[in-house]
Amino acid sequence: MILSLVAAALAAAQTAAPQPFADAVTPPGETRADTAETPATTGGWTLLVHGGAGTIRRDRITAEQDADYRAAIDAALMAGRAVLAKGGSALDAVQAAVELMEDDPLFNAGRGAVFTHDRTNELDAAIMDGRTRAAGAVARLTTSRHPVAVARAVLRDGRHVMLTGADADRFGADRGVEQMDPAWFATPHRREQIDEFLRREAGAKAVSSYDIDQKFGTVGAVARDARGHLAAATSTGGLTGKRWGRIGDAPIIGAGTYADDRACAVSATGAGEYFIRVGVAHEICARVRLAGESLQQAADAVMAEVLALGGSGGVIVAGPDGRSAFSFNTEGMYRGRLTSDGVHEVAIYNDE
Ligand code: ASP
């Protein structure tokens with residue numbers, strides 16, 4: 001079923017070469033007109049989302065959980081479609097899809113984020129516009145309901161690319177991003193996970209942050225809008241038991257998030273340290289742009305590098321010609337794809 005949908009999508013994909021774009025340079029402090037695009041009159045759109053990758057096996061997931069995850073991924077696709085189908089920008093679409101998943105306690109982003117070693121929730125996010133390569137990233141937020149919205153405000157402001165901590169929350173608050181009591185982000189399931197993590201640590205001394213769940217619940221979206229522009233966004237609570245102010249790959253531009261109209265848009269999930277060391281998202285785009293690899297070839301090759309270093313996870317990738325790819329080296333990745341050509345897929349396991 002999915003294979004035939006993919007075949008249909010490939011057949012329908014536009015074959016036109018990527019159009020070079022003029023890099024818009026915005027003077028420091030000047031607001032970027034990043035939402036000022038007029039509705040498109042031609043071209044199709046593509047949207048991919050993920051809700052994390054890892055040890056996601058049928059025998060570990062109940063039928064109800066399976067259905068809940070699929071419904072949540074589908075809801076994120078619909079949020080992005082609401083923007084793209086009326087000619088909206090890829091940037092608005094990825095933000096809308098990610099905000100929806102940030103509110104969903106199923107995912108390790110926004111509400112439902114994993115706990116740090118100090119039993120707090122610290123949130124990281126990034127968003128990037130492939131049209132201008134403008135980017136915004138935030139790390140260690142504790143009160144902003146939608147970290148991706150703060151990242152978007154950083155992008156729009158244009159003076160800096162990355163803000164951290166309470167100052168970043170304040171920056172978001174000043175620009176209208178809803179602020180919550182930190183307790184709002186905490187869920188009983190994530191409390192159980194940190195309790196288990198700290199119990200194991202007390203017993204065995206060395207416990208890997210990756211052992212608790214063996215599942216990464218970061219969320220992300222990539223899109224190509226009807227005007228041919230790309231965007232990527234990623235949001236996460238990071239890793240259970242993280243400490244010392246640890247920041248993962250999600251908000252690192254070029255590691256967990258990247259978009260360049262000349263190549264592709266990428267959002268990643270997985271063992272962040274490896275994704276930072278490999279520079280996963282930029283590396284995929286560089287292979288596409290400079291070596292002429294297909295999205296799938298580039299994504300698979302870079303994920304193989306992550307694996308070779310000992311890391312695991314996955315990526316979603318969208319290209320300027322409407323093509324797209326998933327690549328992951330885990331047993332599953334919560335993922336979905338929707339296009340104006342009628343492709344509509346939601347999948348979890350690696351054999352789907
Ligand atoms: N990549 C994230 C991090 O390392 C974790 C995840 O994907 O869930 O912070």
# chains A, B, ... in the order shown; residues from 1 in each chain; ligands from 1
$ select_by_dssp --residues "stretch 175-288 of chain A" --states "helix (DSSP H, G or I)" --output "PDB file with N, CA and C atoms, in the first residue's frame"
ATOM      1  N   PRO A 182       6.247  25.878  35.147  1.00  0.00           N
ATOM      2  CA  PRO A 182       7.077  24.736  34.733  1.00  0.00           C
ATOM      3  C   PRO A 182       6.410  23.384  34.989  1.00  0.00           C
ATOM      4  N   ALA A 183       5.549  23.309  35.997  1.00  0.00           N
ATOM      5  CA  ALA A 183       4.889  22.038  36.323  1.00  0.00           C
ATOM      6  C   ALA A 183       3.967  21.579  35.186  1.00  0.00           C
ATOM      7  N   TRP A 184       3.562  22.478  34.337  1.00  0.00           N
ATOM      8  CA  TRP A 184       2.641  22.140  33.240  1.00  0.00           C
ATOM      9  C   TRP A 184       3.275  21.132  32.279  1.00  0.00           C
ATOM     10  N   PHE A 185       4.595  21.169  32.162  1.00  0.00           N
ATOM     11  CA  PHE A 185       5.272  20.305  31.193  1.00  0.00           C
ATOM     12  C   PHE A 185       5.446  18.877  31.706  1.00  0.00           C
ATOM     13  N   PRO A 188       3.174  12.204  34.497  1.00  0.00           N
ATOM     14  CA  PRO A 188       3.489  11.078  35.384  1.00  0.00           C
ATOM     15  C   PRO A 188       4.424  10.061  34.726  1.00  0.00           C
ATOM     16  N   HIS A 189       4.214   9.797  33.450  1.00  0.00           N
ATOM     17  CA  HIS A 189       5.046   8.822  32.744  1.00  0.00           C
ATOM     18  C   HIS A 189       6.514   9.249  32.743  1.00  0.00           C
ATOM     19  N   ARG A 190       6.758  10.507  32.486  1.00  0.00           N
ATOM     20  CA  ARG A 190       8.153  10.993  32.463  1.00  0.00           C
ATOM     21  C   ARG A 190       8.746  11.008  33.870  1.00  0.00           C
ATOM     22  N   ARG A 191       7.907  11.225  34.893  1.00  0.00           N
ATOM     23  CA  ARG A 191       8.405  11.154  36.272  1.00  0.00           C
ATOM     24  C   ARG A 191       8.870   9.737  36.584  1.00  0.00           C
ATOM     25  N   GLU A 192       8.079   8.763  36.140  1.00  0.00           N
ATOM     26  CA  GLU A 192       8.471   7.363  36.369  1.00  0.00           C
ATOM     27  C   GLU A 192       9.811   7.083  35.710  1.00  0.00           C
ATOM     28  N   GLN A 193      10.006   7.636  34.528  1.00  0.00           N
ATOM     29  CA  GLN A 193      11.265   7.386  33.811  1.00  0.00           C
ATOM     30  C   GLN A 193      12.471   7.968  34.549  1.00  0.00           C
ATOM     31  N   ILE A 194      12.328   9.170  35.095  1.00  0.00           N
ATOM     32  CA  ILE A 194      13.489   9.748  35.788  1.00  0.00           C
ATOM     33  C   ILE A 194      13.712   9.021  37.115  1.00  0.00           C
ATOM     34  N   ASP A 195      12.617   8.587  37.757  1.00  0.00           N
ATOM     35  CA  ASP A 195      12.773   7.806  38.991  1.00  0.00           C
ATOM     36  C   ASP A 195      13.571   6.549  38.702  1.00  0.00           C
ATOM     37  N   GLU A 196      13.202   5.868  37.632  1.00  0.00           N
ATOM     38  CA  GLU A 196      13.883   4.627  37.243  1.00  0.00           C
ATOM     39  C   GLU A 196      15.349   4.907  36.892  1.00  0.00           C
ATOM     40  N   PHE A 197      15.566   5.987  36.182  1.00  0.00           N
ATOM     41  CA  PHE A 197      16.932   6.380  35.800  1.00  0.00           C
ATOM     42  C   PHE A 197      17.785   6.588  37.052  1.00  0.00           C
ATOM     43  N   LEU A 198      17.246   7.336  38.019  1.00  0.00           N
ATOM     44  CA  LEU A 198      18.032   7.661  39.213  1.00  0.00           C
ATOM     45  C   LEU A 198      18.223   6.421  40.094  1.00  0.00           C
ATOM     46  N   ARG A 199      17.225   5.527  40.097  1.00  0.00           N
ATOM     47  CA  ARG A 199      17.367   4.261  40.850  1.00  0.00           C
ATOM     48  C   ARG A 199      18.505   3.434  40.264  1.00  0.00           C
ATOM     49  N   ARG A 200      18.491   3.307  38.953  1.00  0.00           N
ATOM     50  CA  ARG A 200      19.538   2.520  38.286  1.00  0.00           C
ATOM     51  C   ARG A 200      20.905   3.145  38.511  1.00  0.00           C
ATOM     52  N   GLU A 201      20.929   4.462  38.428  1.00  0.00           N
ATOM     53  CA  GLU A 201      22.201   5.162  38.600  1.00  0.00           C
ATOM     54  C   GLU A 201      22.748   4.933  40.003  1.00  0.00           C
ATOM     55  N   ALA A 202      21.848   4.980  40.998  1.00  0.00           N
ATOM     56  CA  ALA A 202      22.278   4.784  42.384  1.00  0.00           C
ATOM     57  C   ALA A 202      22.815   3.370  42.575  1.00  0.00           C
ATOM     58  N   GLY A 203      22.221   2.416  41.849  1.00  0.00           N
ATOM     59  CA  GLY A 203      22.643   1.029  41.993  1.00  0.00           C
ATOM     60  C   GLY A 203      23.892   0.725  41.190  1.00  0.00           C
ATOM     61  N   ALA A 204      23.850   1.021  39.919  1.00  0.00           N
ATOM     62  CA  ALA A 204      24.919   0.564  39.026  1.00  0.00           C
ATOM     63  C   ALA A 204      25.972   1.634  38.753  1.00  0.00           C
ATOM     64  N   GLY A 272      21.639  12.637  20.415  1.00  0.00           N
ATOM     65  CA  GLY A 272      22.059  13.951  19.950  1.00  0.00           C
ATOM     66  C   GLY A 272      23.553  14.162  19.822  1.00  0.00           C
ATOM     67  N   GLU A 273      24.325  13.600  20.765  1.00  0.00           N
ATOM     68  CA  GLU A 273      25.769  13.831  20.748  1.00  0.00           C
ATOM     69  C   GLU A 273      26.372  13.365  19.419  1.00  0.00           C
ATOM     70  N   TYR A 274      25.897  12.245  18.915  1.00  0.00           N
ATOM     71  CA  TYR A 274      26.420  11.716  17.639  1.00  0.00           C
ATOM     72  C   TYR A 274      25.994  12.594  16.470  1.00  0.00           C
ATOM     73  N   PHE A 275      24.779  13.106  16.551  1.00  0.00           N
ATOM     74  CA  PHE A 275      24.282  13.955  15.466  1.00  0.00           C
ATOM     75  C   PHE A 275      25.053  15.275  15.416  1.00  0.00           C
ATOM     76  N   ILE A 276      25.467  15.744  16.584  1.00  0.00           N
ATOM     77  CA  ILE A 276      26.292  16.969  16.613  1.00  0.00           C
ATOM     78  C   ILE A 276      27.666  16.668  16.020  1.00  0.00           C
ATOM     79  N   ARG A 277      28.262  15.542  16.431  1.00  0.00           N
ATOM     80  CA  ARG A 277      29.621  15.219  15.965  1.00  0.00           C
ATOM     81  C   ARG A 277      29.670  15.020  14.451  1.00  0.00           C
ATOM     82  N   VAL A 278      28.591  14.462  13.901  1.00  0.00           N
ATOM     83  CA  VAL A 278      28.566  14.218  12.447  1.00  0.00           C
ATOM     84  C   VAL A 278      28.070  15.455  11.684  1.00  0.00           C
ATOM     85  N   VAL A 280      24.879  16.149  11.225  1.00  0.00           N
ATOM     86  CA  VAL A 280      23.994  15.358  10.359  1.00  0.00           C
ATOM     87  C   VAL A 280      23.186  16.179   9.351  1.00  0.00           C
ATOM     88  N   ALA A 281      22.459  17.167   9.822  1.00  0.00           N
ATOM     89  CA  ALA A 281      21.510  17.836   8.923  1.00  0.00           C
ATOM     90  C   ALA A 281      22.244  18.621   7.821  1.00  0.00           C
ATOM     91  N   HIS A 282      23.317  19.301   8.195  1.00  0.00           N
ATOM     92  CA  HIS A 282      24.069  20.035   7.172  1.00  0.00           C
ATOM     93  C   HIS A 282      24.797  19.079   6.246  1.00  0.00           C
ATOM     94  N   GLU A 283      25.317  18.000   6.812  1.00  0.00           N
ATOM     95  CA  GLU A 283      26.067  17.023   6.002  1.00  0.00           C
ATOM     96  C   GLU A 283      25.159  16.422   4.906  1.00  0.00           C
ATOM     97  N   ILE A 284      23.922  16.130   5.268  1.00  0.00           N
ATOM     98  CA  ILE A 284      22.994  15.589   4.261  1.00  0.00           C
ATOM     99  C   ILE A 284      22.790  16.620   3.148  1.00  0.00           C
ATOM    100  N   CYS A 285      22.539  17.869   3.547  1.00  0.00           N
ATOM    101  CA  CYS A 285      22.321  18.920   2.540  1.00  0.00           C
ATOM    102  C   CYS A 285      23.574  19.131   1.687  1.00  0.00           C
ATOM    103  N   ALA A 286      24.748  19.054   2.310  1.00  0.00           N
ATOM    104  CA  ALA A 286      25.993  19.267   1.562  1.00  0.00           C
ATOM    105  C   ALA A 286      26.189  18.161   0.527  1.00  0.00           C
ATOM    106  N   ARG A 287      25.887  16.919   0.910  1.00  0.00           N
ATOM    107  CA  ARG A 287      26.045  15.807  -0.046  1.00  0.00           C
ATOM    108  C   ARG A 287      25.098  15.983  -1.229  1.00  0.00           C
ATOM    109  N   VAL A 288      23.884  16.448  -0.943  1.00  0.00           N
ATOM    110  CA  VAL A 288      22.906  16.660  -2.016  1.00  0.00           C
ATOM    111  C   VAL A 288      23.381  17.784  -2.943  1.00  0.00           C
TER     112      VAL A 288
END
$ closest_atom_pairs --of "chain A" --to "ligand 1" --cutoff "10 Å" --atoms "only C-alpha atoms and all ligand atoms" --output "CSV"
residue,atom,partner,partner_atom_place_in_ligand_line,distance
A:His50,CA,ligand 1,7 (O),9.9
A:Gly51,CA,ligand 1,8 (O),8.4
A:Gly52,CA,ligand 1,7 (O),5.7
A:Ala53,CA,ligand 1,7 (O),7.1
A:Gly54,CA,ligand 1,8 (O),8.8
A:Phe107,CA,ligand 1,8 (O),8.7
A:Asn108,CA,ligand 1,8 (O),6.3
A:Ala109,CA,ligand 1,8 (O),8.3
A:Ala113,CA,ligand 1,8 (O),9.3
A:Val114,CA,ligand 1,8 (O),8.9
A:Leu123,CA,ligand 1,9 (O),9.0
A:Asp124,CA,ligand 1,9 (O),7.6
A:Ala125,CA,ligand 1,9 (O),9.5
A:Ser209,CA,ligand 1,4 (O),9.5
A:Tyr210,CA,ligand 1,5 (C),9.0
A:Gln214,CA,ligand 1,8 (O),9.6
A:Lys215,CA,ligand 1,8 (O),7.0
A:Phe216,CA,ligand 1,8 (O),3.4
A:Gly217,CA,ligand 1,8 (O),4.2
A:Thr218,CA,ligand 1,8 (O),3.8
A:Val219,CA,ligand 1,7 (O),7.5
A:Gly220,CA,ligand 1,7 (O),9.3
A:Thr234,CA,ligand 1,1 (N),9.1
A:Ser235,CA,ligand 1,2 (C),8.5
A:Thr236,CA,ligand 1,8 (O),6.1
A:Gly237,CA,ligand 1,9 (O),6.6
A:Gly238,CA,ligand 1,9 (O),3.3
A:Leu239,CA,ligand 1,9 (O),5.4
A:Thr240,CA,ligand 1,5 (C),9.0
A:Lys242,CA,ligand 1,9 (O),8.9
A:Arg246,CA,ligand 1,9 (O),8.5
A:Ile247,CA,ligand 1,9 (O),6.5
A:Gly248,CA,ligand 1,9 (O),3.8
A:Asp249,CA,ligand 1,1 (N),5.4
A:Ala250,CA,ligand 1,1 (N),5.6
A:Pro251,CA,ligand 1,9 (O),8.5
A:Ile252,CA,ligand 1,9 (O),9.9
A:Ala255,CA,ligand 1,1 (N),9.4
A:Gly256,CA,ligand 1,1 (N),6.9
A:Ser267,CA,ligand 1,1 (N),9.7
A:Ala268,CA,ligand 1,1 (N),6.7
A:Thr269,CA,ligand 1,7 (O),3.4
A:Gly270,CA,ligand 1,7 (O),3.8
A:Ala271,CA,ligand 1,4 (O),4.7
A:Gly272,CA,ligand 1,4 (O),3.1
A:Glu273,CA,ligand 1,4 (O),6.3
A:Tyr274,CA,ligand 1,4 (O),8.4
A:Phe275,CA,ligand 1,1 (N),7.6
A:Ile276,CA,ligand 1,4 (O),8.9
A:Ser312,CA,ligand 1,7 (O),9.5
A:Gly313,CA,ligand 1,7 (O),7.1
A:Gly314,CA,ligand 1,7 (O),8.4
A:Val315,CA,ligand 1,7 (O),9.7
$ select_by_dssp --residues "stretch 83-206 of chain A" --states "strand (DSSP E)" --output "number ranges by chain"
A: 123-129, 134-141, 162-164
$ atom_distance --atom1 "atom CA of A:Gln65" --atom2 "atom CA of A:Val346"
14.2 Å
$ closest_residue --among "A:Thr46, A:Ser144, A:Gln179, A:Ser294" --to "A:Glu345" --atoms "only C-alpha atoms"
A:Thr46
$ atom_distance --atom1 "atom CA of A:Asp92" --atom2 "atom CA of A:Ala223"
9.5 Å
$ residues_around --residues "A:Ala168" --least-positions-apart "3" --cutoff "12 Å" --atoms "only C-alpha atoms" --output "VMD selection string"
chain A and resid 122 to 125 136 to 144 147 to 154 160 to 165 171 to 175 177 179
$ write_last_selection --atoms "C-alpha atoms" --output "PDB file, in the first residue's frame"
ATOM      1  CA  GLU A 122      14.431  21.839  29.840  1.00  0.00           C
ATOM      2  CA  LEU A 123      13.282  22.398  26.292  1.00  0.00           C
ATOM      3  CA  ASP A 124      15.305  22.869  23.093  1.00  0.00           C
ATOM      4  CA  ALA A 125      14.008  23.834  19.630  1.00  0.00           C
ATOM      5  CA  GLY A 136      16.340  30.640  15.172  1.00  0.00           C
ATOM      6  CA  ALA A 137      17.200  28.269  18.007  1.00  0.00           C
ATOM      7  CA  VAL A 138      16.553  28.087  21.740  1.00  0.00           C
ATOM      8  CA  ALA A 139      17.834  25.828  24.487  1.00  0.00           C
ATOM      9  CA  ARG A 140      17.046  25.151  28.139  1.00  0.00           C
ATOM     10  CA  LEU A 141      13.647  26.860  28.133  1.00  0.00           C
ATOM     11  CA  THR A 142      11.483  26.073  31.156  1.00  0.00           C
ATOM     12  CA  THR A 143       8.305  28.129  30.774  1.00  0.00           C
ATOM     13  CA  SER A 144       7.535  28.699  27.088  1.00  0.00           C
ATOM     14  CA  PRO A 147       9.650  26.399  22.251  1.00  0.00           C
ATOM     15  CA  VAL A 148       9.466  26.367  18.450  1.00  0.00           C
ATOM     16  CA  ALA A 149       7.514  29.635  18.588  1.00  0.00           C
ATOM     17  CA  VAL A 150      10.356  31.220  20.582  1.00  0.00           C
ATOM     18  CA  ALA A 151      12.828  29.877  17.999  1.00  0.00           C
ATOM     19  CA  ARG A 152      10.669  31.458  15.306  1.00  0.00           C
ATOM     20  CA  ALA A 153      10.751  34.764  17.173  1.00  0.00           C
ATOM     21  CA  VAL A 154      14.570  34.545  17.273  1.00  0.00           C
ATOM     22  CA  HIS A 160      21.088  36.235  16.916  1.00  0.00           C
ATOM     23  CA  VAL A 161      20.618  32.589  16.026  1.00  0.00           C
ATOM     24  CA  MET A 162      20.600  30.907  19.448  1.00  0.00           C
ATOM     25  CA  LEU A 163      19.288  32.009  22.844  1.00  0.00           C
ATOM     26  CA  THR A 164      19.314  29.997  26.054  1.00  0.00           C
ATOM     27  CA  GLY A 165      17.686  29.671  29.461  1.00  0.00           C
ATOM     28  CA  PHE A 171      12.544  36.979  24.987  1.00  0.00           C
ATOM     29  CA  GLY A 172       9.669  34.710  23.926  1.00  0.00           C
ATOM     30  CA  ALA A 173       7.295  36.156  26.517  1.00  0.00           C
ATOM     31  CA  ASP A 174       8.053  39.683  25.303  1.00  0.00           C
ATOM     32  CA  ARG A 175       7.086  38.570  21.798  1.00  0.00           C
ATOM     33  CA  VAL A 177       4.759  33.323  23.290  1.00  0.00           C
ATOM     34  CA  GLN A 179       4.259  31.163  29.294  1.00  0.00           C
TER      35      GLN A 179
END
$ atom_distance --atom1 "atom CA of A:Ala347" --atom2 "atom CA of A:Gly80"
17.2 Å
$ closest_residue --among "A:Gly245, A:Gly311, A:Gly342, A:Gly292" --to "A:Thr120" --atoms "only C-alpha atoms"
A:Gly245
$ residues_around --residues "A:Asn350" --least-positions-apart "5" --cutoff "9 Å" --atoms "only C-alpha atoms" --output "list in words"
Ile56, Arg57, Phe328, Asn329, Thr330, Glu331, Gly332 and Met333 of chain A
$ closest_residue --among "A:Gly87, A:Glu99, A:Gly279, A:Pro320" --to "A:Val302" --atoms "only C-alpha atoms"
A:Gly279
$ decode --residues "stretch 251-265 of chain A" --atoms "N, CA, C and O atoms" --output "short mmCIF file (atom, residue, chain, number, x, y, z; two decimals), in the first residue's frame"
data_model
loop_
_atom_site.label_atom_id
_atom_site.label_comp_id
_atom_site.auth_asym_id
_atom_site.auth_seq_id
_atom_site.Cartn_x
_atom_site.Cartn_y
_atom_site.Cartn_z
N PRO A 251 18.53 21.85 18.68
CA PRO A 251 18.64 23.30 18.43
C PRO A 251 19.95 23.70 17.79
O PRO A 251 20.18 24.90 17.60
N ILE A 252 20.82 22.74 17.49
CA ILE A 252 22.10 23.09 16.85
C ILE A 252 21.88 23.12 15.34
O ILE A 252 21.63 22.07 14.72
N ILE A 253 21.96 24.32 14.77
CA ILE A 253 21.74 24.46 13.33
C ILE A 253 22.84 23.70 12.60
O ILE A 253 24.02 23.92 12.83
N GLY A 254 22.42 22.77 11.73
CA GLY A 254 23.39 21.93 11.02
C GLY A 254 23.51 20.54 11.60
O GLY A 254 23.96 19.62 10.92
N ALA A 255 23.10 20.37 12.86
CA ALA A 255 23.16 19.04 13.48
C ALA A 255 21.77 18.39 13.41
O ALA A 255 21.56 17.44 12.66
N GLY A 256 20.82 18.91 14.22
CA GLY A 256 19.47 18.32 14.23
C GLY A 256 18.49 19.02 13.31
O GLY A 256 17.40 18.48 13.06
N THR A 257 18.85 20.18 12.84
CA THR A 257 17.92 20.99 12.04
C THR A 257 18.70 21.76 10.97
O THR A 257 19.72 22.38 11.28
N TYR A 258 18.23 21.72 9.73
CA TYR A 258 18.85 22.54 8.68
C TYR A 258 17.90 22.67 7.49
O TYR A 258 17.15 21.73 7.20
N ALA A 259 17.95 23.80 6.81
CA ALA A 259 17.16 23.97 5.58
C ALA A 259 17.89 24.89 4.63
O ALA A 259 18.39 25.94 5.04
N ASP A 260 17.96 24.48 3.38
CA ASP A 260 18.64 25.25 2.34
C ASP A 260 17.91 24.94 1.03
O ASP A 260 17.91 23.80 0.58
N ASP A 261 17.28 25.95 0.45
CA ASP A 261 16.50 25.74 -0.78
C ASP A 261 17.31 25.09 -1.90
O ASP A 261 16.76 24.51 -2.82
N ARG A 262 18.63 25.24 -1.84
CA ARG A 262 19.47 24.66 -2.89
C ARG A 262 19.65 23.16 -2.74
O ARG A 262 20.14 22.50 -3.65
N ALA A 263 19.25 22.62 -1.59
CA ALA A 263 19.54 21.20 -1.33
C ALA A 263 18.36 20.49 -0.69
O ALA A 263 17.65 19.71 -1.33
N CYS A 264 18.12 20.75 0.59
CA CYS A 264 17.03 20.05 1.28
C CYS A 264 16.77 20.67 2.65
O CYS A 264 17.48 21.58 3.08
N ALA A 265 15.72 20.15 3.30
CA ALA A 265 15.41 20.52 4.68
C ALA A 265 15.43 19.24 5.49
O ALA A 265 14.91 18.21 5.06
#
